[in-house]
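Undergrad: One file: run.txt (compact mmCIF, C-alpha atoms).
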```
# COMPACT_ATOMS: atom_id res chain seq x y z
CA MET A 1 92.03 -10.69 -4.60
CA ALA A 2 90.33 -9.99 -1.28
CA ALA A 3 87.66 -7.94 -3.02
CA SER A 4 86.86 -10.76 -5.44
CA LEU A 5 86.46 -13.19 -2.53
CA VAL A 6 84.08 -10.82 -0.80
CA TRP A 7 81.92 -10.62 -3.91
CA ALA A 8 82.13 -14.33 -4.75
CA LEU A 9 80.80 -15.59 -1.42
CA PRO A 10 77.31 -14.04 -1.48
CA VAL A 11 76.89 -15.07 -5.12
CA ALA A 12 77.67 -18.71 -4.22
CA VAL A 13 75.22 -18.64 -1.32
CA VAL A 14 72.45 -17.18 -3.43
CA SER A 15 72.98 -19.65 -6.26
CA ALA A 16 72.89 -22.64 -3.83
CA ARG A 17 69.55 -21.40 -2.54
CA GLU A 18 68.18 -21.24 -6.04
CA ILE A 19 69.14 -24.79 -6.96
CA PRO A 20 66.23 -27.25 -6.56
CA VAL A 21 66.81 -29.50 -3.55
CA THR A 22 66.90 -32.55 -5.80
CA ASP A 23 70.01 -31.15 -7.53
CA LEU A 24 71.95 -30.31 -4.38
CA ASP A 25 75.05 -32.27 -3.53
CA GLU A 26 75.31 -33.98 -0.17
CA GLN A 27 76.88 -31.12 1.77
CA GLN A 28 74.53 -28.56 0.24
CA LEU A 29 71.59 -30.80 1.13
CA VAL A 30 72.72 -30.97 4.75
CA GLU A 31 73.06 -27.19 4.83
CA ALA A 32 69.60 -26.84 3.29
CA CYS A 33 68.21 -29.08 6.07
CA LEU A 34 69.90 -26.97 8.71
CA ALA A 35 68.51 -23.82 7.11
CA GLY A 36 65.03 -25.37 7.35
CA ARG A 37 64.52 -25.51 3.60
CA ALA A 38 61.28 -27.29 2.73
CA GLY A 39 61.67 -30.83 1.47
CA ALA A 40 65.41 -31.05 2.14
CA PHE A 41 65.26 -33.59 4.95
CA ASP A 42 62.50 -35.52 3.16
CA LEU A 43 64.97 -35.97 0.33
CA VAL A 44 67.65 -37.26 2.71
CA VAL A 45 65.12 -39.82 3.95
CA GLU A 46 64.10 -40.78 0.44
CA ARG A 47 67.71 -41.32 -0.65
CA HIS A 48 68.77 -43.40 2.33
CA ARG A 49 65.60 -45.09 3.61
CA ARG A 50 66.19 -48.39 1.86
CA ALA A 51 69.77 -48.78 3.09
CA VAL A 52 68.83 -47.75 6.63
CA TYR A 53 65.84 -50.12 6.69
CA GLN A 54 67.96 -53.01 5.39
CA LEU A 55 70.64 -52.32 7.99
CA CYS A 56 68.01 -52.37 10.75
CA TYR A 57 66.39 -55.49 9.34
CA ARG A 58 69.71 -57.32 9.31
CA PHE A 59 70.10 -56.48 12.98
CA VAL A 60 66.68 -57.33 14.30
CA GLY A 61 65.47 -59.84 11.72
CA ASN A 62 61.87 -58.67 11.44
CA HIS A 63 59.94 -55.98 9.59
CA GLU A 64 58.08 -54.34 12.47
CA ASP A 65 61.17 -53.59 14.55
CA ALA A 66 63.19 -52.63 11.48
CA SER A 67 60.52 -50.14 10.52
CA ASP A 68 60.41 -48.54 14.00
CA LEU A 69 64.20 -48.45 14.21
CA SER A 70 64.50 -46.82 10.79
CA GLN A 71 62.21 -44.02 11.90
CA ASP A 72 64.27 -43.62 15.06
CA VAL A 73 67.51 -43.47 13.05
CA PHE A 74 66.21 -40.64 10.87
CA LEU A 75 64.79 -38.70 13.80
CA ARG A 76 68.14 -38.89 15.59
CA ALA A 77 69.90 -37.91 12.39
CA TYR A 78 67.65 -34.87 12.12
CA ARG A 79 68.42 -33.86 15.69
CA GLY A 80 72.16 -34.32 15.20
CA LEU A 81 72.50 -32.94 11.67
CA GLY A 82 74.31 -29.88 13.00
CA ARG A 83 77.13 -32.17 14.14
CA PHE A 84 77.63 -33.74 10.69
CA ARG A 85 80.98 -32.35 9.55
CA GLY A 86 81.25 -34.10 6.18
CA GLY A 87 84.29 -36.12 7.28
CA SER A 88 82.53 -39.24 6.00
CA SER A 89 79.66 -39.69 3.57
CA LEU A 90 76.14 -39.05 4.83
CA ALA A 91 75.39 -42.75 4.31
CA THR A 92 78.27 -43.79 6.59
CA TRP A 93 77.18 -41.24 9.18
CA LEU A 94 73.62 -42.63 9.04
CA TYR A 95 74.99 -46.17 9.40
CA ARG A 96 76.84 -45.06 12.52
CA ILE A 97 73.60 -43.77 14.00
CA GLY A 98 71.80 -46.89 12.80
CA VAL A 99 74.32 -49.23 14.41
CA ASN A 100 74.06 -47.35 17.72
CA VAL A 101 70.28 -47.39 17.64
CA CYS A 102 70.24 -51.10 16.76
CA LEU A 103 72.87 -52.02 19.35
CA ASN A 104 70.81 -50.25 22.01
CA ARG A 105 67.75 -52.15 20.89
CA VAL A 106 69.34 -55.59 20.67
CA THR A 107 70.86 -55.32 24.10
CA ALA A 108 67.48 -54.31 25.51
CA LYS A 109 65.30 -56.74 23.63
CA LYS A 110 65.63 -60.30 22.35
CA PRO A 111 65.28 -60.27 18.57
CA VAL A 112 62.02 -61.56 17.12
CA THR A 113 62.95 -63.10 13.82
CA GLU A 114 60.58 -63.64 10.94
CA ASP A 115 58.50 -66.73 10.45
CA ILE A 116 59.78 -69.48 8.17
CA ASP A 117 56.96 -68.54 5.80
CA ALA A 118 58.32 -65.06 5.20
CA ARG A 119 58.65 -64.58 1.47
CA GLN A 120 61.04 -62.54 -0.57
CA HIS A 121 59.63 -60.56 -3.46
CA VAL A 122 62.18 -61.48 -6.10
CA ASP A 123 62.03 -62.39 -9.74
CA THR A 124 61.32 -66.10 -9.63
CA GLU A 125 60.30 -66.70 -13.22
CA ARG A 126 63.36 -68.79 -14.00
CA GLU A 127 63.47 -70.55 -10.69
CA SER A 128 61.75 -73.83 -10.03
CA GLN A 129 59.29 -74.08 -7.20
CA VAL A 130 61.62 -76.36 -5.23
CA ASP A 131 64.62 -74.09 -5.68
CA ARG A 132 62.61 -71.08 -4.62
CA VAL A 133 61.42 -72.78 -1.45
CA LEU A 134 64.94 -73.94 -0.62
CA ARG A 135 66.38 -70.47 -1.21
CA GLU A 136 63.73 -68.85 0.95
CA GLU A 137 64.26 -71.34 3.75
CA ARG A 138 68.00 -70.80 3.59
CA GLY A 139 67.47 -67.04 3.69
CA VAL A 140 65.30 -67.31 6.78
CA ARG A 141 67.86 -69.54 8.51
CA VAL A 142 70.80 -67.31 7.71
CA ARG A 143 68.96 -64.16 8.82
CA ALA A 144 67.90 -65.88 12.03
CA ALA A 145 71.50 -66.99 12.60
CA ILE A 146 72.80 -63.45 12.05
CA ALA A 147 70.25 -62.16 14.57
CA GLN A 148 71.80 -64.51 17.16
CA LEU A 149 75.34 -63.22 16.79
CA PRO A 150 76.86 -61.11 19.56
CA PRO A 151 76.12 -57.43 18.83
CA LYS A 152 79.62 -56.36 17.70
CA GLN A 153 80.07 -59.39 15.47
CA ARG A 154 76.63 -58.78 14.02
CA ALA A 155 77.41 -55.12 13.35
CA THR A 156 80.70 -55.98 11.66
CA LEU A 157 79.21 -58.71 9.51
CA VAL A 158 76.22 -56.64 8.40
CA LEU A 159 78.26 -53.54 7.61
CA ARG A 160 80.87 -55.52 5.69
CA MET A 161 78.76 -58.01 3.77
CA TYR A 162 75.58 -56.09 3.08
CA GLN A 163 76.31 -52.38 3.41
CA GLU A 164 79.72 -52.99 1.81
CA LEU A 165 81.66 -50.64 4.06
CA SER A 166 85.43 -51.03 4.07
CA HIS A 167 87.12 -52.38 7.19
CA GLU A 168 88.45 -48.87 7.83
CA GLU A 169 84.94 -47.37 7.65
CA ILE A 170 83.59 -50.06 9.96
CA ALA A 171 86.40 -49.33 12.41
CA GLY A 172 85.28 -45.69 12.33
CA VAL A 173 81.64 -46.60 12.90
CA LEU A 174 82.35 -49.01 15.76
CA GLY A 175 85.21 -47.05 17.28
CA SER A 176 87.71 -49.88 17.03
CA SER A 177 90.85 -50.76 15.08
CA VAL A 178 90.95 -52.30 11.60
CA GLY A 179 92.61 -55.40 13.05
CA ALA A 180 89.80 -55.78 15.60
CA VAL A 181 87.21 -55.38 12.83
CA LYS A 182 88.81 -58.15 10.75
CA ALA A 183 89.07 -60.42 13.78
CA ASN A 184 85.41 -59.71 14.62
CA PHE A 185 84.42 -60.48 11.04
CA PHE A 186 86.30 -63.76 11.11
CA HIS A 187 84.77 -64.77 14.45
CA ALA A 188 81.32 -63.75 13.19
CA LEU A 189 81.72 -66.16 10.28
CA GLY A 190 82.88 -68.88 12.68
CA SER A 191 79.87 -68.29 14.93
CA LEU A 192 77.53 -68.34 11.95
CA LYS A 193 79.00 -71.63 10.80
CA LYS A 194 78.39 -73.13 14.23
CA ILE A 195 74.81 -71.82 14.40
CA LEU A 196 73.97 -73.03 10.93
CA GLY A 197 75.55 -76.42 11.41
CA SER A 198 77.94 -77.54 8.72
CA ASP A 199 78.69 -75.94 5.36
CA GLU A 200 76.82 -78.76 3.63
CA ASP A 201 73.59 -77.79 5.38
CA LEU A 202 73.70 -74.44 3.63
CA LYS A 203 73.84 -75.91 0.19
CA MET B 1 106.32 -75.91 11.38
CA LYS B 2 105.08 -72.41 10.69
CA PRO B 3 102.09 -71.14 12.71
CA HIS B 4 98.63 -71.23 11.14
CA LEU B 5 97.17 -68.18 9.44
CA THR B 6 95.70 -65.44 11.60
CA PRO B 7 92.02 -64.36 11.39
CA GLU B 8 93.18 -61.17 9.66
CA GLN B 9 95.05 -63.17 7.00
CA PHE B 10 92.04 -65.45 6.44
CA VAL B 11 89.80 -62.40 5.89
CA ASP B 12 92.28 -60.77 3.50
CA LEU B 13 92.64 -64.01 1.52
CA ALA B 14 88.89 -64.69 1.43
CA GLU B 15 88.23 -61.16 0.17
CA GLY B 16 91.06 -61.31 -2.34
CA VAL B 17 92.98 -58.45 -0.74
CA GLN B 18 96.04 -60.67 -0.34
CA PRO B 19 97.12 -63.29 -2.91
CA GLU B 20 97.53 -66.87 -1.74
CA SER B 21 101.07 -66.89 -3.12
CA SER B 22 102.09 -64.31 -0.50
CA LEU B 23 101.57 -66.90 2.26
CA PRO B 24 103.72 -70.02 1.60
CA HIS B 25 102.27 -71.69 4.71
CA LEU B 26 99.02 -72.19 2.84
CA ALA B 27 100.65 -74.51 0.32
CA THR B 28 101.84 -76.84 3.06
CA CYS B 29 98.93 -76.75 5.52
CA GLU B 30 95.82 -78.71 4.67
CA ALA B 31 93.92 -77.40 7.71
CA CYS B 32 94.40 -73.74 6.70
CA ARG B 33 93.40 -74.51 3.10
CA ARG B 34 90.21 -76.21 4.33
CA GLN B 35 89.48 -73.29 6.65
CA LEU B 36 89.98 -70.79 3.83
CA ALA B 37 87.73 -72.73 1.44
CA GLY B 38 85.01 -72.94 4.14
CA THR B 39 85.29 -69.22 4.85
CA ARG B 40 84.98 -68.34 1.15
CA ALA B 41 81.94 -70.60 0.72
CA LEU B 42 80.23 -69.15 3.78
CA VAL B 43 80.92 -65.56 2.70
CA SER B 44 79.42 -66.30 -0.69
CA ASP B 45 76.32 -68.00 0.77
CA VAL B 46 75.65 -65.39 3.41
CA ARG B 47 76.13 -62.53 0.97
CA ALA B 48 73.51 -64.01 -1.34
CA VAL B 49 70.78 -63.72 1.29
CA ASP B 50 68.59 -60.67 0.71
CA VAL B 51 66.36 -58.77 3.06
CA PRO B 52 62.73 -59.55 2.15
CA GLU B 53 61.43 -56.66 0.10
CA PRO B 54 58.59 -54.94 1.96
CA SER B 55 55.42 -53.81 0.23
CA PRO B 56 56.03 -51.03 -2.32
CA LEU B 57 53.76 -48.80 -0.25
CA PHE B 58 56.03 -49.18 2.75
CA TRP B 59 58.66 -46.69 1.57
CA ASP B 60 56.24 -43.80 1.29
CA HIS B 61 54.71 -44.82 4.58
CA LEU B 62 58.14 -44.74 6.24
CA SER B 63 58.93 -41.32 4.72
CA SER B 64 55.60 -40.02 5.92
CA ARG B 65 56.20 -41.32 9.46
CA VAL B 66 59.62 -39.69 9.57
CA HIS B 67 58.20 -36.45 8.14
CA ASP B 68 55.52 -36.35 10.85
CA ALA B 69 58.02 -37.12 13.61
CA VAL B 70 60.39 -34.39 12.36
CA SER B 71 57.54 -31.87 12.07
CA GLU B 72 56.52 -32.68 15.62
CA GLU B 73 60.11 -32.21 16.71
CA ARG B 74 60.26 -28.79 15.02
CA LEU B 75 57.04 -27.64 16.67
CA ARG B 76 57.91 -28.93 20.11
CA PRO B 77 58.28 -25.86 22.30
CA ARG B 78 61.55 -25.74 24.17
CA SER B 79 61.67 -24.38 27.65
CA TRP B 80 64.08 -21.53 28.29
CA ARG B 81 66.14 -23.89 30.45
CA GLU B 82 66.62 -26.27 27.49
CA ARG B 83 67.63 -23.35 25.28
CA LEU B 84 69.95 -21.95 27.90
CA LEU B 85 71.64 -25.27 28.67
CA GLN B 86 72.55 -25.99 25.05
CA PRO B 87 76.35 -25.78 24.81
CA ARG B 88 76.12 -23.52 21.76
CA VAL B 89 74.12 -21.07 23.86
CA LEU B 90 75.61 -21.41 27.29
CA VAL B 91 79.27 -21.56 26.28
CA PRO B 92 79.32 -18.42 24.11
CA SER B 93 77.24 -16.58 26.72
CA LEU B 94 79.61 -17.51 29.53
CA ALA B 95 82.64 -16.79 27.37
CA GLY B 96 81.27 -13.40 26.37
CA ALA B 97 80.51 -12.49 29.93
CA MET B 98 83.98 -13.61 31.00
CA ALA B 99 85.58 -11.49 28.32
CA VAL B 100 83.59 -8.42 29.37
CA ALA B 101 84.45 -9.00 33.01
CA LEU B 102 88.11 -9.51 32.18
CA VAL B 103 88.27 -6.28 30.24
CA ALA B 104 86.51 -4.46 33.06
CA VAL B 105 88.98 -5.78 35.64
CA LEU B 106 92.14 -5.27 33.59
CA LEU B 107 91.40 -1.79 32.26
CA PRO B 108 93.13 0.95 34.28
CA ARG B 109 90.56 2.86 36.22
CA ALA B 110 90.42 6.59 35.49
CA PRO B 111 89.68 8.89 38.39
CA VAL B 112 86.06 9.86 38.58
CA THR B 113 85.76 13.49 37.61
CA SER B 114 82.08 13.70 37.01
CA ALA B 115 80.10 15.59 39.56
CA MET B 116 77.00 13.59 38.77
CA PRO B 117 75.95 11.16 41.47
CA PRO B 118 75.94 7.50 40.40
CA MET B 119 72.59 6.18 39.25
CA PRO B 120 71.21 3.57 41.65
CA LEU B 121 70.72 0.19 39.96
CA PRO B 122 67.24 -1.29 40.13
CA PRO B 123 67.13 -4.22 42.54
CA LEU B 124 67.09 -7.68 40.94
CA ALA B 125 63.85 -9.57 41.11
CA PRO B 126 64.07 -12.43 43.60
CA LEU B 127 64.29 -15.10 40.92
CA GLY B 128 66.92 -17.76 41.37
CA ALA B 129 67.86 -21.13 42.63
CA ALA B 130 65.90 -20.53 45.79
CA ASP B 131 62.71 -20.04 43.75
CA ASP B 132 63.38 -22.83 41.33
CA PRO B 133 65.85 -25.50 42.47
CA GLN B 134 66.38 -26.65 38.86
CA LEU B 135 68.23 -23.41 38.14
CA SER B 136 71.04 -24.77 40.25
CA ILE B 137 71.84 -27.04 37.27
CA VAL B 138 72.97 -23.98 35.37
CA ALA B 139 75.10 -22.78 38.25
CA ALA B 140 76.59 -26.25 38.72
CA TYR B 141 77.36 -26.50 35.00
CA GLY B 142 79.17 -23.20 35.14
CA THR B 143 81.41 -24.32 37.99
CA THR B 144 82.46 -27.56 36.28
CA LEU B 145 83.36 -26.08 32.88
CA ASP B 146 86.80 -26.79 31.56
CA TRP B 147 88.02 -23.48 30.15
CA ASP B 148 90.27 -25.00 27.49
CA GLN B 149 87.45 -27.18 26.26
CA MET B 150 85.10 -24.21 26.38
CA ARG B 151 87.46 -22.11 24.29
CA ASP B 152 87.67 -24.92 21.69
CA GLU B 153 83.91 -25.33 21.62
CA VAL B 154 83.37 -21.63 21.18
CA ALA B 155 85.70 -21.66 18.23
CA LEU B 156 84.04 -24.75 16.68
CA ALA B 157 80.40 -24.46 17.56
CA SER B 158 79.47 -20.81 17.70
CA ALA B 159 78.75 -18.69 14.73
CA GLY B 160 79.68 -15.05 14.93
CA GLY B 161 77.17 -13.14 17.02
CA SER B 162 75.25 -16.27 17.99
CA GLY B 163 75.63 -15.48 21.69
CA ASP B 164 74.13 -12.04 21.13
CA ALA B 165 71.31 -13.50 19.08
CA VAL B 166 70.48 -16.00 21.79
CA ALA B 167 70.70 -13.41 24.53
CA ALA B 168 68.33 -11.19 22.54
CA ALA B 169 65.86 -14.07 22.27
CA LEU B 170 65.66 -14.51 26.04
CA THR B 171 62.91 -12.85 28.03
CA VAL B 172 63.73 -10.03 30.42
CA ASN B 173 63.56 -12.39 33.39
CA GLU B 174 65.76 -14.96 31.63
CA GLN B 175 68.34 -12.29 30.79
CA ARG B 176 68.28 -11.08 34.35
CA GLU B 177 68.76 -14.60 35.67
CA LEU B 178 71.64 -15.25 33.27
CA GLN B 179 73.22 -11.98 34.34
CA ARG B 180 72.88 -12.92 37.98
CA LEU B 181 74.39 -16.38 37.45
CA LEU B 182 77.30 -14.98 35.52
CA ALA B 183 77.94 -12.31 38.14
CA GLU B 184 77.82 -14.98 40.82
CA GLU B 185 80.28 -17.08 38.86
CA MET B 186 82.64 -14.18 38.33
CA ALA B 187 82.57 -13.28 41.99
CA GLN B 188 83.99 -16.65 43.00
CA PRO B 189 87.60 -16.52 44.18
CA GLY B 190 90.04 -17.66 41.51
CA ALA B 191 87.50 -17.37 38.68
CA LEU B 192 89.84 -15.23 36.58
CA GLU B 193 92.95 -17.29 37.26
CA ASN B 194 91.36 -20.22 35.41
CA ARG B 195 91.53 -18.27 32.17
CA SER B 196 95.27 -18.46 31.88
```
Could you show the structure in this file as structure tokens?

TA:
Amino acid sequence: MAASLVWALPVAVVSAREIPVTDLDEQQLVEACLAGRAGAFDLVVERHRRAVYQLCYRFVGNHEDASDLSQDVFLRAYRGLGRFRGGSSLATWLYRIGVNVCLNRVTAKKPVTEDIDARQHVDTERESQVDRVLREERGVRVRAAIAQLPPKQRATLVLRMYQELSHEEIAGVLGSSVGAVKANFFHALGSLKKILGSDEDLK
Amino acid sequence: MKPHLTPEQFVDLAEGVQPESSLPHLATCEACRRQLAGTRALVSDVRAVDVPEPSPLFWDHLSSRVHDAVSEERLRPRSWRERLLQPRVLVPSLAGAMAVALVAVLLPRAPVTSAMPPMPLPPLAPLGAADDPQLSIVAAYGTTLDWDQMRDEVALASAGGSGDAVAAALTVNEQRELQRLLAEEMAQPGALENRS
């Protein structure tokens, strides 16, 4: 039994090294990054860049800051990769870093939200010109309203509604209880409603 | 009259985690029903708002920026102080030195039978806190370590032989300075009692 374990371990290590990085599972990919394997961290970035950018954008409400923050998130992730224990998914761990980076930024700097003319690149073939303009304007208003929320409410709302984390995962990211997360979420919706005016204005 | 629904209950109802039938108050309270309908509508509207899609070239640009920043980070030379002050370096080194010192103190001393005179040790170079005040950070760190925490960190953070590997990577002067600091630490009264 002991002898078979001794032989099995080096075989497993060698085979993991031979697998192309694109075929590695999450934990193997993290280990490949830590071992300095070429292309491993680039792949982490490629897999998570969209979600990290969108998280940052939801926080700051403009492309330039979201782009800078995304780079910062990945650089911090690279520095702290040795502390990733696999207790949560890599995405959740990156969100945790992202939320911290964004919270630091939003407390230090007033958010600069996008211009009303900002356009979304979506399939608009079936949409009338008027509907498209209305939808874009509503999007700009909602994003601007989210950018005005207090930081914890903003974090809770973004993680729940757009990153689709469970309340338990959000509690882990923010270091609070599930009850506090739900209360924060509810208050965030209330604040949004106040900022946006009445429900009818959204329609 | 029963109290209105709590924020937690509103969230659970709006997300469909809890059925409306489980809260009889809802059937009798117009205000809570209105609040719930408003919450559901807002959730639906807010969720429908996308982040504007950046240019398709942006993603490769972002990857390239991160790649450059990480490469720069890899190449950045670290001073020996930075290397030494990393917990994964300092803690195993201190723990190893403590263990050696403990063994040396606790082992019964055999009478010296050799006729050979003891070899004089070469004097230490005068490198220390007096020459570089920043070295006092290391000494101060050593005095404030919590031994229980240190033992846990050694178990969690250090790979087998990592302390030796780090010590081997230090220059002669760095090794000598580490040795001096550890000896200084060990010489303090009560240093060994903290281990228990």

Undergrad: Go through A:Gly172, A:Gly86, A:Gly197, A:Gly190 and flag the residue nearest chain B, using only C-alpha atoms for the distances.

TA: A:Gly190

Undergrad: Given a cut-off of 12 Å, which residues of chain B touch chain A, counting all atoms listed in the file, written out as a PyMOL selection string?

TA: chain B and resi 5-15+17+34-56+58-74+88+156-158

Undergrad: Quick one, how far is atom CA of A:Ala144 from atom CA of A:Phe59?

TA: 9.7 Å

Undergrad: To one decimal place, how far is atom CA of A:Leu29 from atom CA of A:Phe84 in Å?

TA: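 Atom CA of A:Leu29 sits 11.7 Å away from atom CA of A:Phe84.
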